[in-house]
Amino acid sequence: MARIPTKAEILEWISAHPTQTSKRDIAKAFGIKGAERIDLKRVLKELEAEGHLEKRKRSYTDPDRLPPVTVLLVKAPDDNGDLFAQPLEWHGEGVEPIVMVIPRASDPALGEGDRILARLTVVQEEDHNYEARLIRRIGTNPKRILGIYRQGSEGGRIVPIDKAGSNEWQVPEANTHGAKDGELVEAELAGPKARMGLPKARIVERLGDPSAPKAVSLIAIHQHGIPDHFPDAVVAEADSAKPMGLKGREDLRDLPLITIDPADARDHDDACFAHADEDPKNPGGHVIWVAIADVAAYVTPGSALDREARKRGNSSYFPDRVVPMLPDRLSGDLCSLHEGVPRPCLAVRMQIDAEGNKIAHRFVRGLMKSQASLHYGEVQDAMDGRVTARTEPFLEDVIKPLYAAYEALKAARAARQPLDLDLPERKIVLDDKGKVASVNFRDRLDAHRLIEEFMVLANVAAAETLIKKRQPLLFRVHEEPAQDKLDALRDTALAAGLNLAKGQVLQTRHLNALLNAAAGTDDAELINISTLRSMQQAYYYPENFGHFGLALRNYAHFTSPIRRYADLIVHRALITAHGWGKDGLSVDEIERLEDTATHISATERRSMLAERDTTDRYLASYLAERVGNEFTGRISGIARFGAFVKLDETGADGLVPVRSIGREYFHFDAQAGTLMGSDTGLIIAIGQRVTVRLTQAAPVTGGLELELLALEDAELPKGRGDAGKGGRRRSPAGRTVSRSKAAKSKHKAAKVKRKVTRKRK
C-alpha cells in the first residue's frame with residue numbers, strides 16, 4: 001500500500017511541476033492506485049478548502065495573480081482587429097484574465113503564436129482585465145542605437161552620438177518613423193548587414209533636439225560607457241527561467257510580508273513584517289522579518305547572466321529611465337516581490353529587545369508571497385490617521401507593528417550614533433514629453449527611516465553570520481576621514497565659531513555634536529556640506545575595515561541583489577554557508593573577490609557620475625528659460641577660477657567666475673578655501689549667503705554661469721575706481737561690505753596654521 005503524501009509534499013510537488021498538476025499526475029508521482037485515490041482526493045479537497053489550491057478543470061494550482069511584467073502568448077486578431085494574449089504563467093483564482101495588447105506605432109508587427117515579454121496595467125473594461133505594452137518579443141533582442149538622424153534622398157542615415165563611434169546606419173524611408181534632419185533618435189537594427197553598404201536600422205523613438213531634456217540621460221549613459229544592451233545569450237538565459245517552487249525552501253507564504261517602496265518603483269527586492277516577541281525572556285521585544293528576492297537562484301556563477309551582471313556591477317537610475325543590472329524578465333518579473341505572487345527569497349528573522357538591540361537572528365531560504373505593494377507616502381499617511389482602502393486591511397496587524405519595532409530601533413540608533421547629516425535630496429519631476437516640470441526636495445518620512453533601519457539590521461545580520469561561519473564575502477567598507485580632510489573641517493568649524501575637538505580617536509558622535517551645534521544657525525548647511533566632503537567614499541572589499549559612517553563594525557550589502565552585484569555575492573555566500581544548494585559562492589569567485597570588489601566599486605562611481613551629470617543637464621535645461629533672473633544661494637566651493645554657488649530653489653550648482661567679481665585681483669588661498677580681494681580685503685568663503693543673477697545656462701554640458709550681486713545680504717565693493725575710500729561701496733541700506741566675521745576667522749585660522757607648520761619644518 002502506497003503512503004498518502006502529506007499536504008506539504010503535495011504543495012511542493014505542484015510548485016516543482018507546474019505543468020503536471022492534475023489529480024492523475026499527482027497520483028502517479030506518489031504511486032497511488034485504486035481505492036487509495038479516494039484518500040488523495042480528500043487531501044486535495046482539504047487543501048482547496050484551506051485556500052492553498054484552486055481546482056481549475058482537472059488540475060490544481062497555487063493561487064496567484066499576474067505580475068506587472070509577464071510572458072504572454074499572442075492570439076490571432078479578433079473580428080475588430082484587436083490583439084489579445086494569453087498569460088503563460090497564470091495561477092490565480094477564478095477565471096483566467098483577458099489581456100489586450102496595445103501596440104505603439106514603433107512596435108514591430110505581432111502575430112499569432114508570438115511569445116512576448118510585456119508590462120501590464122490593470123483596467124476595468126467589459127472585454128478585458130489587463131492592457132499590455134510590449135517590452136520585446138521572446139527570443140529577439142535587437143541592439144539599440146543612439147545617434148543623430150541625417151536626412152537623405154531615400155530615407156537617411158544615423159550618425160553615432162559618441163565621438164569615438166565610427167559606425168553609421170542606413171534608414172530606409174519606411175523605417176524613419178517621421179524623424180527630421182538633426183534629431184536625436186533611438187533605433188534598432190533591421191535585418192542582417194548586407195555584403196555592401198551600411199547596416200540597416202529602424203527608428204523606434206524620436207528624441208528631438210539633442211540638447212532637449214528627453215535626450216539627457218541617454219547621452220550620459222553613452223558618454224560614461226554604461227552598458228545598456230544585453231547580449232543575446234544573456235536575454236535567452238533570462239527568457240528560459242521559470243518560476244521557482246517550494247522544493248528545498250521554507251514556506252513563508254502565510255507571513256503577512258509587504259513591500260514598501262517609492263510610488264514609481266518597478267521592482268521590489270525587499271519585503272518586511274514585524275510583531276511583538278512572544279518570548280517571555282524578551283519582554284517588550286520585537287521580531288522583525290526581512291525577506292529579499294532570491295536572485296542567486298536564477299543568476300548562477302559563471303552563467304551568461306552572471307558575467308553580464310558582474311560587468312554592469314549595479315543598476316543606474318535616471319529621472320526618466322533605469323539601466324538595470326538584470327534583464328526585465330528577472331528584474332521586473334521573476335525576481336521582483338510583486339503583490340500576490342509567490343516568489344523565492346532569502347529571509348532573516350531577527351529578534352530585538354525593548355531597546356532595539358539585536359539579540360538573535362537566523363536566515364532561511366524560502367518561498368514568500370507579498371500581501372501588498374505599498375509606497376512610503378500611503379504607509380505614512382495610514383500611521384498619521386489618513387487611512388485608505390488599500391492600507392486599512394494592514395493598519396493594525398502589519399503597519400503599526402512595523403512602526404513599534406522601528407521605535408525600538410531608533411533607541412539603538414541613538415545609542416550607536418551613526419553620522420546624522422541633514423542634506424535634502426533633490427527630485428526632478430518630468431512631464432509626458434520628458435521636460436522638467438518641477439524640481440522638488442524629497443520628503444524624509446518615518447516610513448523611509450523605518451525601511452532603512454530594517455535593511456541596516458539585515459545587512460549587519462548577514463555580515464555577522466558569514467564571519468561566524470568563516471565564509472568569504474564582500475564587506476561594505478567606509479573608512480574614517482583622512483587627517484587633511486579632518487583638519488579642513490576643523491578650520492571650517494572654527495570659522496563658524498564652532499569647535500571640533502582634537503587629540504582623540506574620532507567617532508561619529510563627535511561629528512554629530514558639531515552638526516547639532518550648527519543646527520538652526522546660518523552655518524548649518526555649511527557644516528553639513530563640509531562634513532560630507534570630509535568623508536571618504538565607501539567601497540567594497542573582502543577584508544573588514546568597518547563602516548565609519550554607520551558606526552558599525554560588521555556590515556555587508558545583502559538587501560538589493562536585483563540592482564547590486566555585491567548583494568548577489570553575499571547571497572551566494574549565505575547559500576554556501578548554510579548548505580542550501582549548488583548555486584552558492586564558487587571557488588573561482590572566492591579567488592577573485594578582490595578583483596570583483598575593485599571592479600564593482602568602480603562601476604558604482606561610474607553610475608554616480610552619470611547620474612550627477614544627468615541631473616546637472618536637466619537642471620540647466622530647466623533654468624535656461626530663466627536666464628537674467630535673480631536667485632539666492634550659498635557658496636559651496638572655492639577654486640582659483642571662481643566660486644561655486646548652490647541655489648536654494650533647485651539645489652543646482654553654478655559658477656561665479658572670478659573675472660566677473662569687482663575690479664580687483666583676488667588671491668586664492670587653497671588651505672583656507674577663500675578668495676580675498678587685493679584692494680578691498682573682501683573675503684569670499686564657503687558657506688556665505690549670496691544673491692546671484694543667472695547669466696548663462698548650457699543644457700548640453702549642464703553648466704550654469706552666475707553673476708555675484710550681493711554677499712551676506714549686502715552689495716559688493718568693486719575695487720579701484722569705485723566711489724568711497726578704499727574702494728568700498730555702501731549698499732542702499734547704508735551697510736558696508738567687507739570681510740564677514742566667519743570668513744575673517746577662517747582666514748586667520750588658516751594663517752596661524754601655516755605659521756605653525758613653517759615653524760615645525
# chains A, B, ... in the order shown; residues from 1 in each chain; ligands from 1
call {"tool": "select_by_dssp", "arguments": {"residues": "stretch 440-478 of chain A", "states": "strand (DSSP E or B)", "output": "ChimeraX atom specification"}}
result
/A:440-441,475-478
call {"tool": "closest_residue", "arguments": {"among": "A:Pro418, A:Asn357, A:Leu367, A:Leu647", "to": "A:Tyr406", "atoms": "only C-alpha atoms"}}
result
A:Asn357
call {"tool": "select_by_dssp", "arguments": {"residues": "stretch 551-757 of chain A", "states": "helix (DSSP H, G or I)", "output": "CSV table (one decimal) with N, CA, C and O atoms, in the first residue's frame"}}
result
chain,number,residue,atom,x,y,z
A,565,TYR,N,25.5,43.9,-7.6
A,565,TYR,CA,26.2,42.7,-7.7
A,565,TYR,C,26.8,42.2,-6.3
A,565,TYR,O,26.9,41.0,-6.0
A,566,ALA,N,27.2,43.2,-5.5
A,566,ALA,CA,27.8,42.9,-4.2
A,566,ALA,C,26.8,42.1,-3.4
A,566,ALA,O,27.2,41.2,-2.6
A,567,ASP,N,25.5,42.5,-3.4
A,567,ASP,CA,24.5,41.8,-2.7
A,567,ASP,C,24.3,40.3,-3.1
A,567,ASP,O,24.1,39.4,-2.4
A,568,LEU,N,24.4,40.1,-4.5
A,568,LEU,CA,24.4,38.8,-5.0
A,568,LEU,C,25.5,37.9,-4.5
A,568,LEU,O,25.3,36.7,-4.2
A,569,ILE,N,26.7,38.5,-4.4
A,569,ILE,CA,27.8,37.8,-3.8
A,569,ILE,C,27.5,37.3,-2.4
A,569,ILE,O,27.8,36.2,-2.0
A,570,VAL,N,27.0,38.3,-1.6
A,570,VAL,CA,26.6,37.9,-0.2
A,570,VAL,C,25.6,36.9,-0.1
A,570,VAL,O,25.6,36.0,0.7
A,571,HIS,N,24.6,36.9,-1.0
A,571,HIS,CA,23.5,35.9,-1.1
A,571,HIS,C,24.2,34.5,-1.3
A,571,HIS,O,23.8,33.5,-0.7
A,572,ARG,N,25.1,34.5,-2.3
A,572,ARG,CA,25.8,33.2,-2.6
A,572,ARG,C,26.6,32.7,-1.4
A,572,ARG,O,26.6,31.5,-1.2
A,573,ALA,N,27.2,33.6,-0.7
A,573,ALA,CA,28.0,33.2,0.4
A,573,ALA,C,27.1,32.6,1.5
A,573,ALA,O,27.4,31.6,2.2
A,574,LEU,N,25.9,33.2,1.7
A,574,LEU,CA,24.9,32.6,2.7
A,574,LEU,C,24.4,31.3,2.2
A,574,LEU,O,24.3,30.4,3.1
A,575,ILE,N,24.2,31.1,0.9
A,575,ILE,CA,23.8,29.8,0.4
A,575,ILE,C,24.9,28.7,0.7
A,575,ILE,O,24.6,27.6,1.2
A,576,THR,N,26.1,29.1,0.4
A,576,THR,CA,27.2,28.1,0.7
A,576,THR,C,27.3,27.8,2.2
A,576,THR,O,27.5,26.7,2.6
A,577,ALA,N,27.3,28.9,3.0
A,577,ALA,CA,27.5,28.7,4.4
A,577,ALA,C,26.4,27.9,5.1
A,577,ALA,O,26.7,27.1,6.0
A,578,HIS,N,25.2,27.9,4.5
A,578,HIS,CA,24.1,27.1,5.1
A,578,HIS,C,23.9,25.8,4.4
A,578,HIS,O,23.0,25.0,4.8
A,587,VAL,N,34.4,28.4,-6.0
A,587,VAL,CA,35.8,28.6,-5.7
A,587,VAL,C,36.5,29.7,-6.5
A,587,VAL,O,37.3,30.5,-6.0
A,588,ASP,N,36.1,29.7,-7.8
A,588,ASP,CA,36.7,30.7,-8.7
A,588,ASP,C,36.3,32.1,-8.2
A,588,ASP,O,37.1,33.1,-8.3
A,589,GLU,N,35.0,32.3,-7.8
A,589,GLU,CA,34.6,33.6,-7.3
A,589,GLU,C,35.4,34.0,-6.1
A,589,GLU,O,35.7,35.2,-5.9
A,590,ILE,N,35.6,33.1,-5.2
A,590,ILE,CA,36.3,33.4,-3.9
A,590,ILE,C,37.7,33.8,-4.3
A,590,ILE,O,38.3,34.8,-3.7
A,591,GLU,N,38.4,33.2,-5.3
A,591,GLU,CA,39.7,33.6,-5.6
A,591,GLU,C,39.8,35.0,-6.2
A,591,GLU,O,40.9,35.6,-6.1
A,593,LEU,N,37.7,37.6,-5.5
A,593,LEU,CA,36.8,38.5,-4.7
A,593,LEU,C,37.4,39.9,-4.7
A,593,LEU,O,36.7,40.9,-4.8
A,594,GLU,N,38.7,40.0,-4.6
A,594,GLU,CA,39.3,41.4,-4.5
A,594,GLU,C,39.2,42.1,-5.9
A,594,GLU,O,38.9,43.3,-5.9
A,595,ASP,N,39.4,41.3,-7.0
A,595,ASP,CA,39.2,42.0,-8.3
A,595,ASP,C,37.7,42.4,-8.5
A,595,ASP,O,37.4,43.5,-9.0
A,596,THR,N,36.8,41.5,-8.0
A,596,THR,CA,35.4,41.9,-8.2
A,596,THR,C,35.1,43.1,-7.4
A,596,THR,O,34.3,44.0,-7.8
A,597,ALA,N,35.6,43.2,-6.1
A,597,ALA,CA,35.4,44.4,-5.3
A,597,ALA,C,35.9,45.6,-5.9
A,597,ALA,O,35.2,46.7,-5.9
A,598,THR,N,37.0,45.6,-6.5
A,598,THR,CA,37.6,46.8,-7.2
A,598,THR,C,36.7,47.2,-8.4
A,598,THR,O,36.4,48.4,-8.6
A,599,HIS,N,36.3,46.2,-9.1
A,599,HIS,CA,35.5,46.4,-10.3
A,599,HIS,C,34.2,47.0,-10.0
A,599,HIS,O,33.8,48.1,-10.6
A,600,ILE,N,33.4,46.4,-9.1
A,600,ILE,CA,32.1,46.9,-8.8
A,600,ILE,C,32.1,48.3,-8.0
A,600,ILE,O,31.2,49.1,-8.1
A,601,SER,N,33.2,48.5,-7.3
A,601,SER,CA,33.3,49.9,-6.7
A,601,SER,C,33.5,50.9,-7.8
A,601,SER,O,33.0,52.0,-7.7
A,602,ALA,N,34.2,50.5,-8.8
A,602,ALA,CA,34.4,51.5,-10.0
A,602,ALA,C,33.1,51.7,-10.8
A,602,ALA,O,32.8,52.8,-11.2
A,603,THR,N,32.3,50.6,-11.0
A,603,THR,CA,31.0,50.7,-11.7
A,603,THR,C,30.0,51.6,-10.9
A,603,THR,O,29.2,52.3,-11.4
A,604,GLU,N,30.1,51.5,-9.6
A,604,GLU,CA,29.3,52.3,-8.7
A,604,GLU,C,29.6,53.8,-8.9
A,604,GLU,O,28.7,54.6,-9.0
A,605,ARG,N,30.9,54.1,-8.9
A,605,ARG,CA,31.3,55.5,-9.1
A,605,ARG,C,30.9,56.0,-10.5
A,605,ARG,O,30.5,57.1,-10.7
A,606,ARG,N,31.0,55.1,-11.5
A,606,ARG,CA,30.6,55.4,-12.9
A,606,ARG,C,29.2,55.8,-12.9
A,606,ARG,O,28.8,56.8,-13.5
A,607,SER,N,28.3,55.1,-12.3
A,607,SER,CA,26.9,55.4,-12.3
A,607,SER,C,26.6,56.7,-11.5
A,607,SER,O,25.8,57.5,-12.0
A,608,MET,N,27.3,56.9,-10.4
A,608,MET,CA,27.1,58.1,-9.7
A,608,MET,C,27.5,59.4,-10.5
A,608,MET,O,26.7,60.4,-10.5
A,609,LEU,N,28.5,59.3,-11.3
A,609,LEU,CA,28.9,60.4,-12.1
A,609,LEU,C,27.9,60.6,-13.3
A,609,LEU,O,27.6,61.8,-13.6
A,610,ALA,N,27.5,59.5,-13.9
A,610,ALA,CA,26.5,59.7,-15.0
A,610,ALA,C,25.2,60.2,-14.4
A,610,ALA,O,24.6,61.1,-15.1
A,611,GLU,N,24.8,59.8,-13.3
A,611,GLU,CA,23.5,60.3,-12.7
A,611,GLU,C,23.7,61.8,-12.3
A,611,GLU,O,22.7,62.6,-12.5
A,612,ARG,N,24.8,62.1,-11.8
A,612,ARG,CA,25.1,63.5,-11.4
A,612,ARG,C,25.1,64.4,-12.7
A,612,ARG,O,24.5,65.5,-12.7
A,613,ASP,N,25.8,64.0,-13.7
A,613,ASP,CA,25.8,64.7,-15.0
A,613,ASP,C,24.4,64.9,-15.5
A,613,ASP,O,24.1,66.0,-16.0
A,614,THR,N,23.6,63.9,-15.5
A,614,THR,CA,22.3,63.9,-16.0
A,614,THR,C,21.5,65.0,-15.2
A,614,THR,O,20.7,65.8,-15.8
A,615,THR,N,21.6,64.9,-13.9
A,615,THR,CA,20.9,65.9,-13.0
A,615,THR,C,21.3,67.3,-13.4
A,615,THR,O,20.4,68.2,-13.5
A,616,ASP,N,22.6,67.5,-13.5
A,616,ASP,CA,23.1,68.9,-13.9
A,616,ASP,C,22.5,69.4,-15.2
A,616,ASP,O,22.1,70.5,-15.3
A,617,ARG,N,22.4,68.5,-16.2
A,617,ARG,CA,21.9,68.9,-17.5
A,617,ARG,C,20.4,69.1,-17.4
A,617,ARG,O,19.9,70.1,-18.1
A,618,TYR,N,19.7,68.3,-16.7
A,618,TYR,CA,18.2,68.6,-16.5
A,618,TYR,C,18.0,69.9,-15.9
A,618,TYR,O,17.1,70.7,-16.3
A,619,LEU,N,18.8,70.2,-14.8
A,619,LEU,CA,18.6,71.5,-14.1
A,619,LEU,C,19.0,72.7,-15.0
A,619,LEU,O,18.3,73.7,-15.0
A,620,ALA,N,20.1,72.5,-15.8
A,620,ALA,CA,20.4,73.6,-16.7
A,620,ALA,C,19.3,73.8,-17.8
A,620,ALA,O,19.0,75.0,-18.1
A,621,SER,N,18.7,72.8,-18.3
A,621,SER,CA,17.6,72.9,-19.2
A,621,SER,C,16.4,73.6,-18.6
A,621,SER,O,15.8,74.4,-19.2
A,622,TYR,N,16.2,73.2,-17.3
A,622,TYR,CA,15.0,73.8,-16.6
A,622,TYR,C,15.2,75.3,-16.4
A,622,TYR,O,14.3,76.1,-16.4
A,623,LEU,N,16.5,75.7,-16.1
A,623,LEU,CA,16.8,77.1,-15.7
A,623,LEU,C,17.1,77.9,-17.0
A,623,LEU,O,17.2,79.1,-16.9
A,624,ALA,N,17.2,77.3,-18.1
A,624,ALA,CA,17.6,78.0,-19.4
A,624,ALA,C,16.6,79.1,-19.7
A,624,ALA,O,16.9,80.2,-20.3
A,625,GLU,N,15.3,78.9,-19.3
A,625,GLU,CA,14.3,79.9,-19.6
A,625,GLU,C,14.3,81.0,-18.6
A,625,GLU,O,13.5,81.9,-18.7
A,626,ARG,N,15.1,80.9,-17.6
A,626,ARG,CA,15.1,81.9,-16.5
A,626,ARG,C,16.4,82.7,-16.5
A,626,ARG,O,16.8,83.2,-15.4
A,658,VAL,N,35.8,84.2,-11.3
A,658,VAL,CA,36.5,85.2,-10.6
A,658,VAL,C,36.7,86.5,-11.4
A,658,VAL,O,36.7,87.6,-10.8
A,659,ARG,N,36.8,86.4,-12.7
A,659,ARG,CA,36.9,87.5,-13.6
A,659,ARG,C,35.8,88.5,-13.5
A,659,ARG,O,35.9,89.7,-13.9
A,660,SER,N,34.6,88.0,-13.1
A,660,SER,CA,33.4,88.8,-13.1
A,660,SER,C,33.2,89.5,-11.7
A,660,SER,O,32.2,90.2,-11.6
A,725,LYS,N,36.3,105.7,0.0
A,725,LYS,CA,37.7,105.4,0.3
A,725,LYS,C,37.9,103.9,0.4
A,725,LYS,O,37.1,103.1,0.9
A,726,GLY,N,39.1,103.5,-0.2
A,726,GLY,CA,39.5,102.1,-0.2
A,726,GLY,C,38.7,101.2,-1.1
A,726,GLY,O,38.7,100.0,-1.1
A,727,GLY,N,37.9,101.9,-2.0
A,727,GLY,CA,37.2,101.1,-2.9
A,727,GLY,C,35.9,100.4,-2.3
A,727,GLY,O,35.3,99.6,-3.0
A,741,LYS,N,32.5,88.1,9.5
A,741,LYS,CA,33.1,87.7,10.7
A,741,LYS,C,33.6,86.2,10.6
A,741,LYS,O,34.8,85.9,10.9
A,742,ALA,N,32.8,85.4,10.0
A,742,ALA,CA,33.2,84.0,9.9
A,742,ALA,C,34.3,83.8,8.9
A,742,ALA,O,35.3,83.0,9.1
A,743,ALA,N,34.3,84.6,7.8
A,743,ALA,CA,35.4,84.5,6.8
A,743,ALA,C,36.7,85.0,7.3
A,743,ALA,O,37.7,84.4,7.1
A,744,LYS,N,36.6,86.1,8.1
A,744,LYS,CA,37.9,86.6,8.7
A,744,LYS,C,38.4,85.6,9.7
A,744,LYS,O,39.6,85.3,9.7
A,745,SER,N,37.6,85.0,10.5
A,745,SER,CA,38.0,84.0,11.4
A,745,SER,C,38.6,82.8,10.7
A,745,SER,O,39.7,82.3,11.1
A,746,LYS,N,38.0,82.3,9.7
A,746,LYS,CA,38.5,81.2,8.9
A,746,LYS,C,39.9,81.5,8.3
A,746,LYS,O,40.8,80.8,8.3
A,747,HIS,N,40.0,82.7,7.7
A,747,HIS,CA,41.2,83.2,7.1
A,747,HIS,C,42.3,83.3,8.1
A,747,HIS,O,43.5,82.8,7.9
A,748,LYS,N,42.0,83.8,9.3
A,748,LYS,CA,43.0,84.0,10.3
A,748,LYS,C,43.5,82.6,10.8
A,748,LYS,O,44.7,82.4,11.1
A,749,ALA,N,42.5,81.7,11.0
A,749,ALA,CA,42.9,80.3,11.5
A,749,ALA,C,43.8,79.6,10.5
A,749,ALA,O,44.8,79.0,10.9
A,750,ALA,N,43.6,79.8,9.2
A,750,ALA,CA,44.4,79.2,8.2
A,750,ALA,C,45.8,79.8,8.2
A,750,ALA,O,46.8,79.1,8.1
A,751,LYS,N,45.9,81.1,8.5
A,751,LYS,CA,47.2,81.8,8.5
A,751,LYS,C,48.0,81.3,9.7
A,751,LYS,O,49.2,81.0,9.7
A,752,VAL,N,47.4,81.2,10.9
A,752,VAL,CA,48.0,80.6,12.1
A,752,VAL,C,48.5,79.2,11.8
A,752,VAL,O,49.6,78.9,12.2
A,753,LYS,N,47.7,78.4,11.2
A,753,LYS,CA,48.1,77.0,10.9
A,753,LYS,C,49.3,77.0,10.0
A,753,LYS,O,50.2,76.2,10.2
A,754,ARG,N,49.4,77.9,9.0
A,754,ARG,CA,50.6,77.9,8.1
A,754,ARG,C,51.8,78.3,8.9
A,754,ARG,O,52.9,77.8,8.7
A,755,LYS,N,51.7,79.3,9.8
A,755,LYS,CA,52.9,79.7,10.6
A,755,LYS,C,53.4,78.5,11.5
A,755,LYS,O,54.6,78.3,11.6
A,756,VAL,N,52.4,77.8,12.1
A,756,VAL,CA,52.8,76.7,12.9
A,756,VAL,C,53.5,75.6,12.1
A,756,VAL,O,54.5,75.1,12.5
A,757,THR,N,53.0,75.4,10.9
A,757,THR,CA,53.6,74.4,10.0
A,757,THR,C,55.0,74.8,9.6
A,757,THR,O,55.9,74.0,9.6
call {"tool": "residues_around", "arguments": {"residues": "A:Asp431", "least_positions_apart": "2", "cutoff": "12 Å", "atoms": "only C-alpha atoms", "output": "list in words"}}
result
Pro213, Lys214, Pro319, Asp320, Ile428, Val429, Lys433, Gly434, Lys435, Val436, Ala437, Ser438, Val439 and Tyr622 of chain A
call {"tool": "residues_around", "arguments": {"residues": "A:Arg157", "least_positions_apart": "3", "cutoff": "9 Å", "atoms": "only C-alpha atoms", "output": "list in words"}}
result
Ile148, Tyr149, Arg150, Gln151, Gly152, Glu168, Trp169, Gln170, Val171, Pro172, Leu198, Lys200 and Ala201 of chain A
call {"tool": "write_last_selection", "arguments": {"atoms": "N, CA, C and O atoms", "output": "PDB file, in the first residue's frame"}}
result
ATOM      1  N   ILE A 148      22.318  60.740 -34.287  1.00  0.00           N
ATOM      2  CA  ILE A 148      21.676  61.883 -34.936  1.00  0.00           C
ATOM      3  C   ILE A 148      21.207  61.447 -36.326  1.00  0.00           C
ATOM      4  O   ILE A 148      21.975  60.871 -37.093  1.00  0.00           O
ATOM      5  N   TYR A 149      19.941  61.708 -36.612  1.00  0.00           N
ATOM      6  CA  TYR A 149      19.394  61.343 -37.913  1.00  0.00           C
ATOM      7  C   TYR A 149      19.743  62.416 -38.940  1.00  0.00           C
ATOM      8  O   TYR A 149      19.557  63.619 -38.713  1.00  0.00           O
ATOM      9  N   ARG A 150      20.250  61.963 -40.102  1.00  0.00           N
ATOM     10  CA  ARG A 150      20.560  62.854 -41.212  1.00  0.00           C
ATOM     11  C   ARG A 150      19.727  62.447 -42.421  1.00  0.00           C
ATOM     12  O   ARG A 150      19.813  61.319 -42.898  1.00  0.00           O
ATOM     13  N   GLN A 151      18.926  63.413 -42.892  1.00  0.00           N
ATOM     14  CA  GLN A 151      18.001  63.154 -43.989  1.00  0.00           C
ATOM     15  C   GLN A 151      18.754  62.944 -45.295  1.00  0.00           C
ATOM     16  O   GLN A 151      19.727  63.642 -45.588  1.00  0.00           O
ATOM     17  N   GLY A 152      18.294  61.963 -46.090  1.00  0.00           N
ATOM     18  CA  GLY A 152      18.866  61.723 -47.404  1.00  0.00           C
ATOM     19  C   GLY A 152      17.780  61.725 -48.461  1.00  0.00           C
ATOM     20  O   GLY A 152      16.622  62.067 -48.193  1.00  0.00           O
ATOM     21  N   GLU A 168      27.970  53.999 -38.951  1.00  0.00           N
ATOM     22  CA  GLU A 168      26.741  54.688 -39.312  1.00  0.00           C
ATOM     23  C   GLU A 168      25.747  53.637 -39.791  1.00  0.00           C
ATOM     24  O   GLU A 168      26.129  52.521 -40.151  1.00  0.00           O
ATOM     25  N   TRP A 169      24.457  54.001 -39.780  1.00  0.00           N
ATOM     26  CA  TRP A 169      23.413  53.065 -40.159  1.00  0.00           C
ATOM     27  C   TRP A 169      22.484  53.709 -41.178  1.00  0.00           C
ATOM     28  O   TRP A 169      22.141  54.891 -41.074  1.00  0.00           O
ATOM     29  N   GLN A 170      22.079  52.935 -42.146  1.00  0.00           N
ATOM     30  CA  GLN A 170      21.146  53.402 -43.167  1.00  0.00           C
ATOM     31  C   GLN A 170      19.711  53.164 -42.694  1.00  0.00           C
ATOM     32  O   GLN A 170      19.394  52.114 -42.128  1.00  0.00           O
ATOM     33  N   VAL A 171      18.847  54.164 -42.910  1.00  0.00           N
ATOM     34  CA  VAL A 171      17.440  54.057 -42.510  1.00  0.00           C
ATOM     35  C   VAL A 171      16.572  54.179 -43.753  1.00  0.00           C
ATOM     36  O   VAL A 171      16.465  55.269 -44.336  1.00  0.00           O
ATOM     37  N   PRO A 172      15.929  53.082 -44.203  1.00  0.00           N
ATOM     38  CA  PRO A 172      15.019  53.173 -45.346  1.00  0.00           C
ATOM     39  C   PRO A 172      13.848  54.113 -45.037  1.00  0.00           C
ATOM     40  O   PRO A 172      13.490  54.309 -43.868  1.00  0.00           O
ATOM     41  N   LEU A 198      25.962  50.254 -45.813  1.00  0.00           N
ATOM     42  CA  LEU A 198      25.777  50.408 -44.374  1.00  0.00           C
ATOM     43  C   LEU A 198      24.744  49.426 -43.835  1.00  0.00           C
ATOM     44  O   LEU A 198      23.822  49.032 -44.552  1.00  0.00           O
ATOM     45  N   LYS A 200      21.381  48.297 -41.934  1.00  0.00           N
ATOM     46  CA  LYS A 200      20.084  48.970 -41.904  1.00  0.00           C
ATOM     47  C   LYS A 200      19.540  49.044 -40.472  1.00  0.00           C
ATOM     48  O   LYS A 200      19.785  48.156 -39.658  1.00  0.00           O
ATOM     49  N   ALA A 201      18.797  50.133 -40.210  1.00  0.00           N
ATOM     50  CA  ALA A 201      18.209  50.332 -38.887  1.00  0.00           C
ATOM     51  C   ALA A 201      16.781  50.824 -39.015  1.00  0.00           C
ATOM     52  O   ALA A 201      16.387  51.367 -40.047  1.00  0.00           O
TER      53      ALA A 201
END
call {"tool": "atom_distance", "arguments": {"atom1": "atom CA of A:Phe641", "atom2": "atom CA of A:Asp713"}}
result
23.2 Å
call {"tool": "residues_around", "arguments": {"residues": "A:His547", "least_positions_apart": "5", "cutoff": "12 Å", "atoms": "only C-alpha atoms", "output": "ChimeraX atom specification"}}
result
/A:418-419,456,459-460,463,475-481,507-508,535-541,552-557
call {"tool": "atom_distance", "arguments": {"atom1": "atom CA of A:Trp90", "atom2": "atom CA of A:Arg137"}}
result
18.8 Å
call {"tool": "residues_around", "arguments": {"residues": "A:Ala265", "least_positions_apart": "4", "cutoff": "10 Å", "atoms": "only C-alpha atoms", "output": "list in words"}}
result
Ile260, Asp261, Ser373 and His375 of chain A
